[in-house]
Amino acid sequence: MKTQSWQTLKPAVYFLVKLILFYTMLIWLFWNYIGVSDPNGNYYFPVLDHFNALRMVLCFLLYPVQYLFQLLGYDTTIYFYEDLYRNGANIGAQGFFKLQVAFPCLGFKIMIAFTSLMLAYPGTKKWFFIPLGLLFIQCINMLRIIGIIICLLNRPADMTGPEVAELSHTYFNIAVYVFIGLYLYWWVKKYSRPAQSE
């Protein structure tokens with residue numbers, strides 16, 4: 001009886017152990033990358049200025065948003081703060097809106113959790129579906145930034161800008177968790193394999 005129940009539990013335990021190991025490793029790598037790429041860090045490598053993941057994600061998010069609002073007739077500008085790691089960047093149109101997009105807004109932890117889930121679960125074509133999922137997460141994030149700006153332009157008189165932005169974090173998290181759940185469900189149904197075949 002014990003052997004049979006262990007055989008039933010073994011795949012779930014194996015998956016959880018792999019998930020914890022992948023998440024721990026990716027978080028450790030990510031924070032070490034931040035440590036060596038931040039100019040204010042103790043171990044800063046200037047060469048990483050040319051491969052700055054934070055700036056790349058900010059550019060991916062903000063330039064399409066700028067283009068969209070310029071099409072709508074707003075003279076939109078993007079400003080990257082000198083201390084990118086603490087302040088990020090802002091996007092604004094003079095007199096209409098100004099939105100700061102800082103480090104916590106970029107969804108790195110959610111992307112790491114998603115990648116860890118995909119790596120831990122047995123299946124195929126991960127080399128394609130992990131980057132695709134990360135791209136979708138950032139597209140949802142881009143929609144969130146557009147939504148915040150629209151709310152800033154049309155917010156009720158009793159709501160402040162920070163309240164609108166705070167509310168967006170909740171909706172962004174819900175949207176991303178729903179997306180990840182549906183995306184993983186679809187991938188598992190289509191591409192999952194027994195653990196021994198991985």
# chains A, B, ... in the order shown; residues from 1 in each chain; ligands from 1

$ residues_around --residues "stretch 27-43 of chain A" --least-positions-apart "4" --cutoff "8 Å" --atoms "only C-alpha atoms" --output "number ranges by chain"
A: 23, 48-49, 52, 85, 109, 112

$ write_last_selection --atoms "N, CA and C atoms" --output "compact mmCIF listing (two decimals), in the first residue's frame"
# COMPACT_ATOMS: atom_id res chain seq x y z
N TYR A 23 13.10 27.74 -9.66
CA TYR A 23 12.74 29.09 -9.20
C TYR A 23 13.89 29.70 -8.39
N LEU A 48 27.98 45.68 -19.11
CA LEU A 48 26.57 45.28 -19.10
C LEU A 48 25.63 46.44 -19.40
N ASP A 49 26.16 47.66 -19.49
CA ASP A 49 25.33 48.79 -19.92
C ASP A 49 24.78 48.55 -21.32
N ASN A 52 21.54 45.74 -21.02
CA ASN A 52 20.76 46.01 -19.82
C ASN A 52 19.32 45.52 -20.01
N TYR A 85 17.51 51.60 -11.91
CA TYR A 85 17.12 50.49 -11.05
C TYR A 85 16.21 50.91 -9.91
N LYS A 109 9.47 38.99 -11.58
CA LYS A 109 9.21 37.84 -10.70
C LYS A 109 8.14 36.93 -11.29
N ILE A 112 9.80 34.95 -14.00
CA ILE A 112 10.64 33.88 -13.44
C ILE A 112 9.77 32.72 -12.96

$ residues_around --residues "A:Leu62" --least-positions-apart "4" --cutoff "8 Å" --atoms "only C-alpha atoms" --output "list in words"
Leu58, Gln66, Ile78, Ile91 and Met142 of chain A

$ atom_distance --atom1 "atom CA of A:Tyr121" --atom2 "atom CA of A:Phe22"
10.8 Å

$ select_by_dssp --residues "chain A" --states "alpha helix (DSSP H)" --output "ChimeraX atom specification"
/A:2-37,53-71,84-87,108-120,126-154,161-191

$ residues_around --residues "stretch 128-141 of chain A" --least-positions-apart "2" --cutoff "12 Å" --atoms "only C-alpha atoms" --output "NGL selection string"
:A and (56-62 or 64-65 or 101 or 104-121 or 123-126 or 143-148 or 168-184 or 186-188 or 190-191)

$ closest_residue --among "A:Ser192, A:Ser5, A:Asn154, A:Ala93" --to "A:Leu72" --atoms "only C-alpha atoms"
A:Ala93

$ residues_around --residues "A:Asn87" --least-positions-apart "5" --cutoff "10 Å" --atoms "only C-alpha atoms" --output "CSV table (one decimal) with C-alpha atoms, in the first residue's frame"
chain,number,residue,atom,x,y,z
A,80,PHE,CA,14.8,57.3,-18.6
A,81,TYR,CA,16.0,58.3,-15.1
A,82,GLU,CA,19.7,58.2,-14.3
A,100,GLN,CA,6.4,56.4,-13.9
A,101,VAL,CA,7.3,52.8,-14.8
A,102,ALA,CA,9.7,51.5,-12.1
A,103,PHE,CA,11.5,48.2,-11.5
A,104,PRO,CA,8.6,46.5,-9.6

$ atom_distance --atom1 "atom CA of A:Pro162" --atom2 "atom CA of A:Ala89"
15.8 Å

$ closest_residue --among "A:Arg55, A:Arg155, A:Gly92, A:Glu163" --to "A:Tyr67" --atoms "only C-alpha atoms"
A:Gly92

$ select_by_dssp --residues "stretch 82-168 of chain A" --states "strand (DSSP E or B)" --output "JSON list (two decimals) with N, CA and C atoms, in the first residue's frame"
[["chain", "number", "residue", "atom", "x", "y", "z"],
["A", 89, "ALA", "N", 11.67, 54.62, -15.64],
["A", 89, "ALA", "CA", 11.47, 55.64, -16.67],
["A", 89, "ALA", "C", 10.07, 56.20, -16.50],
["A", 90, "ASN", "N", 9.81, 57.32, -17.18],
["A", 90, "ASN", "CA", 8.42, 57.79, -17.20],
["A", 90, "ASN", "C", 8.02, 58.13, -18.63],
["A", 91, "ILE", "N", 6.73, 58.07, -18.82],
["A", 91, "ILE", "CA", 6.15, 58.43, -20.11],
["A", 91, "ILE", "C", 5.07, 59.46, -19.82],
["A", 92, "GLY", "N", 5.05, 60.52, -20.61],
["A", 92, "GLY", "CA", 4.08, 61.56, -20.32],
["A", 92, "GLY", "C", 3.81, 62.45, -21.50],
["A", 93, "ALA", "N", 2.70, 63.15, -21.42],
["A", 93, "ALA", "CA", 2.35, 64.20, -22.39],
["A", 93, "ALA", "C", 2.12, 65.46, -21.57],
["A", 97, "PHE", "N", -0.78, 63.81, -18.90],
["A", 97, "PHE", "CA", -0.51, 62.68, -18.01],
["A", 97, "PHE", "C", 0.99, 62.48, -17.88],
["A", 98, "LYS", "N", 1.37, 61.83, -16.80],
["A", 98, "LYS", "CA", 2.77, 61.43, -16.58],
["A", 98, "LYS", "C", 2.73, 60.16, -15.76],
["A", 99, "LEU", "N", 3.35, 59.12, -16.26],
["A", 99, "LEU", "CA", 3.33, 57.82, -15.59],
["A", 99, "LEU", "C", 4.75, 57.30, -15.41],
["A", 100, "GLN", "N", 5.11, 57.00, -14.19],
["A", 100, "GLN", "CA", 6.42, 56.42, -13.91],
["A", 100, "GLN", "C", 6.31, 54.90, -13.94],
["A", 101, "VAL", "N", 7.20, 54.27, -14.68],
["A", 101, "VAL", "CA", 7.26, 52.80, -14.76],
["A", 101, "VAL", "C", 8.57, 52.38, -14.12],
["A", 123, "GLY", "N", 7.50, 18.15, -20.66],
["A", 123, "GLY", "CA", 6.82, 18.45, -21.91],
["A", 123, "GLY", "C", 7.81, 18.82, -22.99]]
